[in-house]
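Next comes run_39.pdb, with PDB, C-alpha atoms.
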```pdb
MODEL        1
ATOM      1  CA  MET A 185      58.112  92.256 -59.041  1.00  0.00           C
ATOM      2  CA  ARG A 186      57.149  95.207 -56.985  1.00  0.00           C
ATOM      3  CA  ALA A 187      58.702  95.996 -53.644  1.00  0.00           C
ATOM      4  CA  GLY A 188      57.031  94.122 -50.815  1.00  0.00           C
ATOM      5  CA  GLN A 189      55.494  91.452 -53.039  1.00  0.00           C
ATOM      6  CA  SER A 190      56.349  87.833 -52.531  1.00  0.00           C
ATOM      7  CA  ARG A 191      57.478  85.690 -55.366  1.00  0.00           C
ATOM      8  CA  PRO A 192      54.742  83.401 -56.731  1.00  0.00           C
ATOM      9  CA  PRO A 193      55.373  79.712 -56.130  1.00  0.00           C
ATOM     10  CA  THR A 194      57.101  77.975 -59.008  1.00  0.00           C
ATOM     11  CA  LEU A 195      55.486  74.852 -60.281  1.00  0.00           C
ATOM     12  CA  PRO A 196      57.740  71.897 -61.038  1.00  0.00           C
ATOM     13  CA  LYS A 197      58.326  71.471 -64.744  1.00  0.00           C
ATOM     14  CA  GLN A 198      56.507  68.571 -66.310  1.00  0.00           C
ATOM     15  CA  PRO A 199      58.777  66.437 -68.467  1.00  0.00           C
ATOM     16  CA  LYS A 200      58.030  66.886 -72.148  1.00  0.00           C
ATOM     17  CA  GLU A 201      56.278  63.994 -73.746  1.00  0.00           C
ATOM     18  CA  GLY A 202      58.331  62.397 -76.494  1.00  0.00           C
ATOM     19  CA  LEU A 203      57.401  60.267 -79.475  1.00  0.00           C
ATOM     20  CA  LEU A 204      58.289  57.090 -77.550  1.00  0.00           C
ATOM     21  CA  THR A 205      55.935  57.764 -74.654  1.00  0.00           C
ATOM     22  CA  ARG A 206      52.448  56.282 -74.258  1.00  0.00           C
ATOM     23  CA  ALA A 207      53.446  52.893 -75.627  1.00  0.00           C
ATOM     24  CA  ASN A 208      55.545  49.983 -74.427  1.00  0.00           C
ATOM     25  CA  ASP A 209      55.490  47.717 -77.473  1.00  0.00           C
ATOM     26  CA  TRP A 210      58.110  49.448 -79.626  1.00  0.00           C
ATOM     27  CA  ASN A 211      59.832  47.467 -82.376  1.00  0.00           C
ATOM     28  CA  LEU A 212      63.078  48.433 -84.044  1.00  0.00           C
ATOM     29  CA  LEU A 213      64.601  47.666 -87.434  1.00  0.00           C
ATOM     30  CA  VAL A 214      68.062  48.860 -88.432  1.00  0.00           C
ATOM     31  CA  ASP A 215      69.167  48.744 -92.069  1.00  0.00           C
ATOM     32  CA  TYR A 216      72.719  47.428 -92.264  1.00  0.00           C
ATOM     33  CA  GLU A 217      74.652  47.064 -95.503  1.00  0.00           C
ATOM     34  CA  ASN A 218      75.050  43.322 -94.931  1.00  0.00           C
ATOM     35  CA  ASN A 219      71.586  42.828 -93.372  1.00  0.00           C
ATOM     36  CA  LYS A 220      69.023  44.862 -95.299  1.00  0.00           C
ATOM     37  CA  ILE A 221      65.561  45.366 -93.832  1.00  0.00           C
ATOM     38  CA  VAL A 222      62.122  45.139 -95.353  1.00  0.00           C
ATOM     39  CA  PHE A 223      59.910  48.044 -94.337  1.00  0.00           C
ATOM     40  CA  PRO A 224      57.052  46.600 -92.225  1.00  0.00           C
ATOM     41  CA  PRO A 225      54.359  45.817 -94.815  1.00  0.00           C
ATOM     42  CA  HIS A 226      51.529  46.045 -92.278  1.00  0.00           C
ATOM     43  CA  ILE A 227      52.364  49.743 -91.903  1.00  0.00           C
ATOM     44  CA  TYR A 228      52.837  50.551 -95.588  1.00  0.00           C
ATOM     45  CA  PRO A 229      54.162  48.418 -98.451  1.00  0.00           C
ATOM     46  CA  THR A 230      57.215  50.134 -99.924  1.00  0.00           C
ATOM     47  CA  SER A 231      60.674  49.365-101.198  1.00  0.00           C
ATOM     48  CA  GLU A 232      62.091  52.376 -99.313  1.00  0.00           C
ATOM     49  CA  ARG A 233      64.525  51.487 -96.537  1.00  0.00           C
ATOM     50  CA  PRO A 234      65.122  54.215 -93.952  1.00  0.00           C
ATOM     51  CA  ASP A 235      68.196  53.649 -91.779  1.00  0.00           C
ATOM     52  CA  ILE A 236      66.092  52.980 -88.680  1.00  0.00           C
ATOM     53  CA  VAL A 237      62.380  52.227 -88.335  1.00  0.00           C
ATOM     54  CA  ILE A 238      60.719  52.262 -84.904  1.00  0.00           C
ATOM     55  CA  TRP A 239      57.015  51.456 -84.599  1.00  0.00           C
ATOM     56  CA  SER A 240      54.308  50.701 -82.066  1.00  0.00           C
ATOM     57  CA  ARG A 241      51.060  48.929 -82.895  1.00  0.00           C
ATOM     58  CA  MET A 242      49.531  50.164 -79.658  1.00  0.00           C
ATOM     59  CA  SER A 243      50.040  53.873 -80.415  1.00  0.00           C
ATOM     60  CA  ARG A 244      49.933  53.433 -84.235  1.00  0.00           C
ATOM     61  CA  LYS A 245      53.131  55.489 -84.519  1.00  0.00           C
ATOM     62  CA  VAL A 246      56.068  54.888 -86.814  1.00  0.00           C
ATOM     63  CA  ILE A 247      59.322  56.819 -86.548  1.00  0.00           C
ATOM     64  CA  LEU A 248      61.762  56.913 -89.442  1.00  0.00           C
ATOM     65  CA  LEU A 249      65.340  57.858 -88.593  1.00  0.00           C
ATOM     66  CA  GLU A 250      67.809  58.811 -91.295  1.00  0.00           C
ATOM     67  CA  LEU A 251      71.502  59.081 -90.468  1.00  0.00           C
ATOM     68  CA  THR A 252      74.048  61.094 -92.416  1.00  0.00           C
ATOM     69  CA  CYS A 253      77.755  61.653 -91.853  1.00  0.00           C
ATOM     70  CA  CYS A 254      78.760  64.433 -94.203  1.00  0.00           C
ATOM     71  CA  ALA A 255      81.167  67.358 -94.456  1.00  0.00           C
ATOM     72  CA  GLU A 256      80.317  70.100 -91.962  1.00  0.00           C
ATOM     73  CA  GLU A 257      79.458  72.476 -94.800  1.00  0.00           C
ATOM     74  CA  GLY A 258      76.814  70.056 -96.044  1.00  0.00           C
ATOM     75  CA  VAL A 259      74.842  69.384 -92.841  1.00  0.00           C
ATOM     76  CA  LYS A 260      71.847  71.552 -93.805  1.00  0.00           C
ATOM     77  CA  ALA A 261      71.834  70.206 -97.371  1.00  0.00           C
ATOM     78  CA  ALA A 262      71.971  66.602 -96.088  1.00  0.00           C
ATOM     79  CA  GLN A 263      69.014  67.239 -93.791  1.00  0.00           C
ATOM     80  CA  LEU A 264      66.989  68.776 -96.620  1.00  0.00           C
ATOM     81  CA  ARG A 265      67.921  65.946 -99.005  1.00  0.00           C
ATOM     82  CA  LYS A 266      66.669  63.296 -96.535  1.00  0.00           C
ATOM     83  CA  GLN A 267      63.452  65.223 -95.819  1.00  0.00           C
ATOM     84  CA  VAL A 268      62.688  65.470 -99.530  1.00  0.00           C
ATOM     85  CA  ARG A 269      63.591  61.813-100.120  1.00  0.00           C
ATOM     86  CA  TYR A 270      61.162  60.493 -97.476  1.00  0.00           C
ATOM     87  CA  HIS A 271      58.426  63.155 -97.689  1.00  0.00           C
ATOM     88  CA  GLU A 272      56.186  61.058 -99.932  1.00  0.00           C
ATOM     89  CA  LEU A 273      56.603  57.942 -97.768  1.00  0.00           C
ATOM     90  CA  VAL A 274      55.679  59.885 -94.608  1.00  0.00           C
ATOM     91  CA  GLU A 275      52.626  61.379 -96.361  1.00  0.00           C
ATOM     92  CA  ASN A 276      51.510  57.951 -97.607  1.00  0.00           C
ATOM     93  CA  ILE A 277      51.865  56.408 -94.157  1.00  0.00           C
ATOM     94  CA  ASN A 278      49.951  59.299 -92.579  1.00  0.00           C
ATOM     95  CA  ALA A 279      47.146  58.739 -95.114  1.00  0.00           C
ATOM     96  CA  THR A 280      46.627  55.315 -93.521  1.00  0.00           C
ATOM     97  CA  ASN A 281      45.719  54.903 -89.866  1.00  0.00           C
ATOM     98  CA  TRP A 282      49.360  55.295 -88.780  1.00  0.00           C
ATOM     99  CA  ASN A 283      51.126  58.461 -87.633  1.00  0.00           C
ATOM    100  CA  ALA A 284      54.594  58.771 -89.201  1.00  0.00           C
ATOM    101  CA  SER A 285      57.454  61.054 -88.180  1.00  0.00           C
ATOM    102  CA  LEU A 286      60.782  61.515 -89.939  1.00  0.00           C
ATOM    103  CA  LEU A 287      63.784  62.467 -87.823  1.00  0.00           C
ATOM    104  CA  THR A 288      67.131  63.203 -89.411  1.00  0.00           C
ATOM    105  CA  ILE A 289      70.459  62.857 -87.653  1.00  0.00           C
ATOM    106  CA  GLU A 290      73.408  64.629 -89.247  1.00  0.00           C
ATOM    107  CA  VAL A 291      76.958  64.471 -87.922  1.00  0.00           C
ATOM    108  CA  GLY A 292      79.819  66.261 -89.647  1.00  0.00           C
ATOM    109  CA  ALA A 293      82.872  64.198 -90.553  1.00  0.00           C
ATOM    110  CA  ARG A 294      84.981  66.263 -88.135  1.00  0.00           C
ATOM    111  CA  GLY A 295      82.519  65.861 -85.270  1.00  0.00           C
ATOM    112  CA  LEU A 296      80.055  68.732 -85.718  1.00  0.00           C
ATOM    113  CA  ILE A 297      76.583  67.725 -84.546  1.00  0.00           C
ATOM    114  CA  GLY A 298      73.738  69.289 -86.516  1.00  0.00           C
ATOM    115  CA  ASN A 299      70.967  71.124 -84.638  1.00  0.00           C
ATOM    116  CA  GLY A 300      68.461  68.664 -86.079  1.00  0.00           C
ATOM    117  CA  THR A 301      70.267  65.831 -84.312  1.00  0.00           C
ATOM    118  CA  PHE A 302      69.728  67.370 -80.864  1.00  0.00           C
ATOM    119  CA  ARG A 303      66.088  68.080 -81.743  1.00  0.00           C
ATOM    120  CA  ALA A 304      65.595  64.495 -82.988  1.00  0.00           C
ATOM    121  CA  PHE A 305      66.757  63.021 -79.672  1.00  0.00           C
ATOM    122  CA  THR A 306      64.571  65.380 -77.641  1.00  0.00           C
ATOM    123  CA  LYS A 307      61.568  64.621 -79.879  1.00  0.00           C
ATOM    124  CA  LEU A 308      62.086  60.941 -79.121  1.00  0.00           C
ATOM    125  CA  GLY A 309      61.738  61.841 -75.457  1.00  0.00           C
ATOM    126  CA  LEU A 310      65.308  61.778 -74.185  1.00  0.00           C
ATOM    127  CA  PRO A 311      65.966  64.294 -71.396  1.00  0.00           C
ATOM    128  CA  PRO A 312      68.165  67.291 -72.330  1.00  0.00           C
ATOM    129  CA  GLN A 313      71.114  66.074 -70.223  1.00  0.00           C
ATOM    130  CA  THR A 314      71.063  62.650 -71.878  1.00  0.00           C
ATOM    131  CA  THR A 315      70.696  64.260 -75.300  1.00  0.00           C
ATOM    132  CA  THR A 316      73.702  66.519 -74.678  1.00  0.00           C
ATOM    133  CA  SER A 317      75.794  63.573 -73.508  1.00  0.00           C
ATOM    134  CA  LEU A 318      74.732  61.474 -76.499  1.00  0.00           C
ATOM    135  CA  CYS A 319      75.600  64.284 -78.926  1.00  0.00           C
ATOM    136  CA  LYS A 320      79.054  64.651 -77.339  1.00  0.00           C
ATOM    137  CA  THR A 321      79.597  60.905 -77.644  1.00  0.00           C
ATOM    138  CA  LEU A 322      78.544  60.969 -81.311  1.00  0.00           C
ATOM    139  CA  SER A 323      80.954  63.818 -81.948  1.00  0.00           C
ATOM    140  CA  VAL A 324      83.873  61.899 -80.426  1.00  0.00           C
ATOM    141  CA  VAL A 325      83.039  58.677 -82.288  1.00  0.00           C
ATOM    142  CA  VAL A 326      82.798  60.395 -85.681  1.00  0.00           C
ATOM    143  CA  ALA A 327      85.971  62.448 -85.130  1.00  0.00           C
ATOM    144  CA  ARG A 328      87.933  59.347 -84.116  1.00  0.00           C
ATOM    145  CA  CYS A 329      86.660  57.362 -87.091  1.00  0.00           C
ATOM    146  CA  SER A 330      87.458  60.202 -89.498  1.00  0.00           C
ATOM    147  CA  TYR A 331      90.946  60.441 -88.027  1.00  0.00           C
ATOM    148  CA  ALA A 332      91.495  56.692 -88.473  1.00  0.00           C
ATOM    149  CA  ILE A 333      90.352  56.919 -92.087  1.00  0.00           C
ATOM    150  CA  CYS A 334      92.735  59.830 -92.659  1.00  0.00           C
ATOM    151  CA  LEU A 335      95.651  57.854 -91.213  1.00  0.00           C
ATOM    152  CA  ALA A 336      94.812  54.887 -93.441  1.00  0.00           C
ATOM    153  CA  GLN A 337      94.488  56.855 -96.671  1.00  0.00           C
ATOM    154  CA  ASP A 338      97.712  55.432 -98.115  1.00  0.00           C
ATOM    155  CA  SER A 339      97.062  51.875 -96.946  1.00  0.00           C
ATOM    156  CA  THR A 340      96.102  49.267 -99.511  1.00  0.00           C
ATOM    157  CA  ALA A 341      94.025  47.279 -97.002  1.00  0.00           C
ATOM    158  CA  TRP A 342      91.882  48.304 -94.049  1.00  0.00           C
ATOM    159  CA  SER A 343      92.891  46.798 -90.707  1.00  0.00           C
ATOM    160  CA  HIS A 344      89.802  45.387 -89.007  1.00  0.00           C
ATOM    161  CA  ASN A 345      91.781  44.220 -85.990  1.00  0.00           C
ATOM    162  CA  LYS A 346      91.897  47.580 -84.198  1.00  0.00           C
ATOM    163  CA  ASP A 347      88.940  49.008 -82.343  1.00  0.00           C
ATOM    164  CA  LEU A 348      88.497  52.651 -83.267  1.00  0.00           C
ATOM    165  CA  VAL A 349      86.117  53.236 -80.406  1.00  0.00           C
ATOM    166  CA  SER A 350      85.698  51.287 -77.196  1.00  0.00           C
ATOM    167  CA  ALA A 351      83.385  51.748 -74.245  1.00  0.00           C
ATOM    168  CA  ASP A 352      86.427  52.489 -72.058  1.00  0.00           C
ATOM    169  CA  SER A 353      87.449  55.519 -74.137  1.00  0.00           C
ATOM    170  CA  PHE A 354      84.349  57.549 -73.223  1.00  0.00           C
ATOM    171  CA  SER A 355      81.316  57.289 -71.008  1.00  0.00           C
ATOM    172  CA  LEU A 356      78.014  56.416 -72.583  1.00  0.00           C
ATOM    173  CA  PRO A 357      74.915  58.339 -71.481  1.00  0.00           C
ATOM    174  CA  ASP A 358      72.771  56.751 -68.783  1.00  0.00           C
ATOM    175  CA  THR A 359      69.532  55.759 -70.499  1.00  0.00           C
ATOM    176  CA  SER A 360      68.180  53.644 -67.662  1.00  0.00           C
ATOM    177  CA  ALA A 361      65.334  56.149 -67.194  1.00  0.00           C
ATOM    178  CA  THR A 362      64.065  55.528 -70.707  1.00  0.00           C
ATOM    179  CA  GLN A 363      62.761  52.208 -71.895  1.00  0.00           C
ATOM    180  CA  PRO A 364      64.601  51.107 -75.049  1.00  0.00           C
ATOM    181  CA  PRO A 365      62.695  49.708 -78.013  1.00  0.00           C
ATOM    182  CA  THR A 366      62.748  45.977 -78.509  1.00  0.00           C
ATOM    183  CA  GLU A 367      64.790  44.728 -81.432  1.00  0.00           C
ATOM    184  CA  THR A 368      63.276  42.483 -84.034  1.00  0.00           C
ATOM    185  CA  LYS A 369      64.884  40.699 -86.932  1.00  0.00           C
ATOM    186  CA  GLY A 370      62.721  41.029 -89.972  1.00  0.00           C
ATOM    187  CA  SER A 371      59.134  42.102 -90.338  1.00  0.00           C
ATOM    188  CA  GLU A 372      56.152  40.845 -88.388  1.00  0.00           C
TER
ENDMDL
END
```
Please, can you express the file's structure as structure tokens?
Amino acid sequence: MRAGQSRPPTLPKQPKEGLLTRANDWNLLVDYENNKIVFPPHIYPTSERPDIVIWSRMSRKVILLELTCCAEEGVKAAQLRKQVRYHELVENINATNWNASLLTIEVGARGLIGNGTFRAFTKLGLPPQTTTSLCKTLSVVVARCSYAICLAQDSTAWSHNKDLVSADSFSLPDTSATQPPTETKGSE
């Protein structure tokens, strides 16, 4: 600025639009080891099972989330491996009248959060403060679980009676500003 000039008015920043905006009919499937999912056949018939599938009929969007907990040295390789694994599925879905996105979430076994993880949460539409808090929480959870596994390495049986992580041990991010997807059991 030159001397004597006034500063131009600053416009308030518009919140970035995330993948979860513009729809309120989100459905969620989570693939558990003991409760395997079937990929929604009305989107695309496949035997692939991403860790998390979020979709909206209204916006014709489907979001595939892949989670990986790996050694810190392998975060980039894990991200690339998941992108290659689901590339064809994303392309096939996009060839229909759906818009597919693949987001990868990598957390190192000692608590390192991959850059792609922060980007994935912001692409979903979470505000930066919530994303930062969520990444810190993920880091603590993974580090505590890895520590518990290390302590139990000489045990012959795993003790399921102790909680490794409880809500009292850390504060969860406030997500009241965002509308969570609805959970469904099975396909429509």
Calculated over all atoms listed in the file, which of the candidates A:Leu322, A:Leu203, A:Leu213, A:Ile247 has the smallest distance to A:Ile277?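 For A:Ile277, the nearest of the given residues is A:Ile247.
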Just so the selection is clear, what residues does the PyMOL selection byres ((chain A and resi 271-273) around 9) cover here, as JSON, numbers by chain? {"A": [228, 230, 232, 266, 267, 268, 269, 270, 274, 275, 276, 277, 278, 284, 286]}
Might you pull out every residue within 10 Å of A:Glu201, with all atoms listed in the file counted and same-chain residues fewer than 3 positions away left off, and present them as a PDB file with C-alpha atoms, in the coordinates of the input?
```
ATOM      1  CA  GLN A 198      56.507  68.571 -66.310  1.00  0.00           C
ATOM      2  CA  LEU A 204      58.289  57.090 -77.550  1.00  0.00           C
ATOM      3  CA  THR A 205      55.935  57.764 -74.654  1.00  0.00           C
ATOM      4  CA  ARG A 206      52.448  56.282 -74.258  1.00  0.00           C
ATOM      5  CA  THR A 306      64.571  65.380 -77.641  1.00  0.00           C
ATOM      6  CA  LYS A 307      61.568  64.621 -79.879  1.00  0.00           C
ATOM      7  CA  LEU A 308      62.086  60.941 -79.121  1.00  0.00           C
ATOM      8  CA  GLY A 309      61.738  61.841 -75.457  1.00  0.00           C
ATOM      9  CA  LEU A 310      65.308  61.778 -74.185  1.00  0.00           C
ATOM     10  CA  PRO A 311      65.966  64.294 -71.396  1.00  0.00           C
TER      11      PRO A 311
END
```
Can you tell me, as a PDB file with C-alpha atoms, keeping the file's coordinate frame, what residues are no more than 12 Å from A:Ala255 when counting only C-alpha atoms, ignoring any on the same chain fewer than 6 positions away?
```pdb
ATOM      1  CA  ALA A 261      71.834  70.206 -97.371  1.00  0.00           C
ATOM      2  CA  ALA A 262      71.971  66.602 -96.088  1.00  0.00           C
ATOM      3  CA  GLU A 290      73.408  64.629 -89.247  1.00  0.00           C
ATOM      4  CA  VAL A 291      76.958  64.471 -87.922  1.00  0.00           C
ATOM      5  CA  GLY A 292      79.819  66.261 -89.647  1.00  0.00           C
ATOM      6  CA  ALA A 293      82.872  64.198 -90.553  1.00  0.00           C
ATOM      7  CA  ARG A 294      84.981  66.263 -88.135  1.00  0.00           C
ATOM      8  CA  GLY A 295      82.519  65.861 -85.270  1.00  0.00           C
ATOM      9  CA  LEU A 296      80.055  68.732 -85.718  1.00  0.00           C
ATOM     10  CA  ILE A 297      76.583  67.725 -84.546  1.00  0.00           C
ATOM     11  CA  GLY A 298      73.738  69.289 -86.516  1.00  0.00           C
ATOM     12  CA  VAL A 326      82.798  60.395 -85.681  1.00  0.00           C
ATOM     13  CA  ALA A 327      85.971  62.448 -85.130  1.00  0.00           C
ATOM     14  CA  SER A 330      87.458  60.202 -89.498  1.00  0.00           C
TER      15      SER A 330
END
```
Please, what distance in Å, to one decimal, runs between atom CA of A:Asn208 and atom CA of A:Arg241?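 Going from atom CA of A:Asn208 over to atom CA of A:Arg241, I get 9.6 Å.
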Residue neighbourhood A:Ile236, 9 Å, all atoms listed in the file, exclusion window fewer than 2 positions, as a list of chain:residue names: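 That gives A:Leu212, A:Leu213, A:Val214, A:Asp215, A:Arg233, A:Pro234, A:Ile238, A:Ile247, A:Leu248, A:Leu249, A:Glu250, A:Leu251.
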Selected residue of minimal separation from A:Ser285 among A:Arg186, A:Lys260, A:Arg265, A:Lys245, counting all atoms listed in the file: A:Lys245
Assuming the input is short of atoms at stretch 313-342 of chain A, produce N, CA and C atoms for that part as a PDB file, in the coordinates of the input.
```pdb
ATOM      1  N   GLN A 313      69.776  66.473 -70.664  1.00  0.00           N
ATOM      2  CA  GLN A 313      71.114  66.074 -70.223  1.00  0.00           C
ATOM      3  C   GLN A 313      71.593  64.833 -70.962  1.00  0.00           C
ATOM      4  N   THR A 314      70.715  63.867 -71.150  1.00  0.00           N
ATOM      5  CA  THR A 314      71.063  62.650 -71.878  1.00  0.00           C
ATOM      6  C   THR A 314      71.334  62.971 -73.338  1.00  0.00           C
ATOM      7  N   THR A 315      70.517  63.861 -73.909  1.00  0.00           N
ATOM      8  CA  THR A 315      70.696  64.260 -75.300  1.00  0.00           C
ATOM      9  C   THR A 315      72.041  64.942 -75.497  1.00  0.00           C
ATOM     10  N   THR A 316      72.409  65.832 -74.594  1.00  0.00           N
ATOM     11  CA  THR A 316      73.702  66.519 -74.678  1.00  0.00           C
ATOM     12  C   THR A 316      74.842  65.521 -74.599  1.00  0.00           C
ATOM     13  N   SER A 317      74.754  64.587 -73.664  1.00  0.00           N
ATOM     14  CA  SER A 317      75.794  63.573 -73.508  1.00  0.00           C
ATOM     15  C   SER A 317      75.890  62.685 -74.748  1.00  0.00           C
ATOM     16  N   LEU A 318      74.751  62.307 -75.296  1.00  0.00           N
ATOM     17  CA  LEU A 318      74.732  61.474 -76.499  1.00  0.00           C
ATOM     18  C   LEU A 318      75.341  62.213 -77.687  1.00  0.00           C
ATOM     19  N   CYS A 319      75.030  63.493 -77.832  1.00  0.00           N
ATOM     20  CA  CYS A 319      75.600  64.284 -78.926  1.00  0.00           C
ATOM     21  C   CYS A 319      77.116  64.409 -78.785  1.00  0.00           C
ATOM     22  N   LYS A 320      77.601  64.586 -77.562  1.00  0.00           N
ATOM     23  CA  LYS A 320      79.054  64.651 -77.339  1.00  0.00           C
ATOM     24  C   LYS A 320      79.708  63.321 -77.703  1.00  0.00           C
ATOM     25  N   THR A 321      79.068  62.229 -77.319  1.00  0.00           N
ATOM     26  CA  THR A 321      79.597  60.905 -77.644  1.00  0.00           C
ATOM     27  C   THR A 321      79.637  60.694 -79.151  1.00  0.00           C
ATOM     28  N   LEU A 322      78.564  61.072 -79.841  1.00  0.00           N
ATOM     29  CA  LEU A 322      78.544  60.969 -81.311  1.00  0.00           C
ATOM     30  C   LEU A 322      79.676  61.764 -81.928  1.00  0.00           C
ATOM     31  N   SER A 323      79.904  62.959 -81.428  1.00  0.00           N
ATOM     32  CA  SER A 323      80.954  63.818 -81.948  1.00  0.00           C
ATOM     33  C   SER A 323      82.322  63.152 -81.819  1.00  0.00           C
ATOM     34  N   VAL A 324      82.590  62.562 -80.656  1.00  0.00           N
ATOM     35  CA  VAL A 324      83.873  61.899 -80.426  1.00  0.00           C
ATOM     36  C   VAL A 324      84.021  60.686 -81.335  1.00  0.00           C
ATOM     37  N   VAL A 325      82.979  59.884 -81.459  1.00  0.00           N
ATOM     38  CA  VAL A 325      83.039  58.677 -82.288  1.00  0.00           C
ATOM     39  C   VAL A 325      83.332  59.047 -83.741  1.00  0.00           C
ATOM     40  N   VAL A 326      82.604  60.011 -84.276  1.00  0.00           N
ATOM     41  CA  VAL A 326      82.798  60.395 -85.681  1.00  0.00           C
ATOM     42  C   VAL A 326      84.184  60.992 -85.895  1.00  0.00           C
ATOM     43  N   ALA A 327      84.640  61.839 -84.990  1.00  0.00           N
ATOM     44  CA  ALA A 327      85.971  62.448 -85.130  1.00  0.00           C
ATOM     45  C   ALA A 327      87.060  61.382 -85.094  1.00  0.00           C
ATOM     46  N   ARG A 328      86.930  60.405 -84.192  1.00  0.00           N
ATOM     47  CA  ARG A 328      87.933  59.347 -84.116  1.00  0.00           C
ATOM     48  C   ARG A 328      87.933  58.476 -85.368  1.00  0.00           C
ATOM     49  N   CYS A 329      86.748  58.174 -85.873  1.00  0.00           N
ATOM     50  CA  CYS A 329      86.660  57.362 -87.091  1.00  0.00           C
ATOM     51  C   CYS A 329      87.224  58.116 -88.291  1.00  0.00           C
ATOM     52  N   SER A 330      86.913  59.397 -88.401  1.00  0.00           N
ATOM     53  CA  SER A 330      87.458  60.202 -89.498  1.00  0.00           C
ATOM     54  C   SER A 330      88.978  60.273 -89.420  1.00  0.00           C
ATOM     55  N   TYR A 331      89.504  60.401 -88.215  1.00  0.00           N
ATOM     56  CA  TYR A 331      90.946  60.441 -88.027  1.00  0.00           C
ATOM     57  C   TYR A 331      91.585  59.119 -88.450  1.00  0.00           C
ATOM     58  N   ALA A 332      90.969  58.005 -88.082  1.00  0.00           N
ATOM     59  CA  ALA A 332      91.495  56.692 -88.473  1.00  0.00           C
ATOM     60  C   ALA A 332      91.478  56.520 -89.982  1.00  0.00           C
ATOM     61  N   ILE A 333      90.426  56.998 -90.626  1.00  0.00           N
ATOM     62  CA  ILE A 333      90.352  56.919 -92.087  1.00  0.00           C
ATOM     63  C   ILE A 333      91.444  57.767 -92.715  1.00  0.00           C
ATOM     64  N   CYS A 334      91.677  58.959 -92.151  1.00  0.00           N
ATOM     65  CA  CYS A 334      92.735  59.830 -92.659  1.00  0.00           C
ATOM     66  C   CYS A 334      94.106  59.170 -92.540  1.00  0.00           C
ATOM     67  N   LEU A 335      94.365  58.533 -91.410  1.00  0.00           N
ATOM     68  CA  LEU A 335      95.651  57.854 -91.213  1.00  0.00           C
ATOM     69  C   LEU A 335      95.827  56.682 -92.169  1.00  0.00           C
ATOM     70  N   ALA A 336      94.741  56.075 -92.584  1.00  0.00           N
ATOM     71  CA  ALA A 336      94.812  54.887 -93.441  1.00  0.00           C
ATOM     72  C   ALA A 336      94.687  55.220 -94.923  1.00  0.00           C
ATOM     73  N   GLN A 337      94.745  56.487 -95.276  1.00  0.00           N
ATOM     74  CA  GLN A 337      94.488  56.855 -96.671  1.00  0.00           C
ATOM     75  C   GLN A 337      95.491  56.271 -97.659  1.00  0.00           C
ATOM     76  N   ASP A 338      96.709  56.005 -97.209  1.00  0.00           N
ATOM     77  CA  ASP A 338      97.712  55.432 -98.115  1.00  0.00           C
ATOM     78  C   ASP A 338      97.822  53.916 -98.000  1.00  0.00           C
ATOM     79  N   SER A 339      97.021  53.327 -97.130  1.00  0.00           N
ATOM     80  CA  SER A 339      97.062  51.875 -96.946  1.00  0.00           C
ATOM     81  C   SER A 339      96.302  51.186 -98.075  1.00  0.00           C
ATOM     82  N   THR A 340      96.790  50.025 -98.463  1.00  0.00           N
ATOM     83  CA  THR A 340      96.102  49.267 -99.511  1.00  0.00           C
ATOM     84  C   THR A 340      94.998  48.400 -98.947  1.00  0.00           C
ATOM     85  N   ALA A 341      95.050  48.108 -97.636  1.00  0.00           N
ATOM     86  CA  ALA A 341      94.025  47.279 -97.002  1.00  0.00           C
ATOM     87  C   ALA A 341      93.641  47.907 -95.667  1.00  0.00           C
ATOM     88  N   TRP A 342      92.381  47.766 -95.321  1.00  0.00           N
ATOM     89  CA  TRP A 342      91.882  48.304 -94.049  1.00  0.00           C
ATOM     90  C   TRP A 342      92.097  47.273 -92.956  1.00  0.00           C
TER      91      TRP A 342
END
```
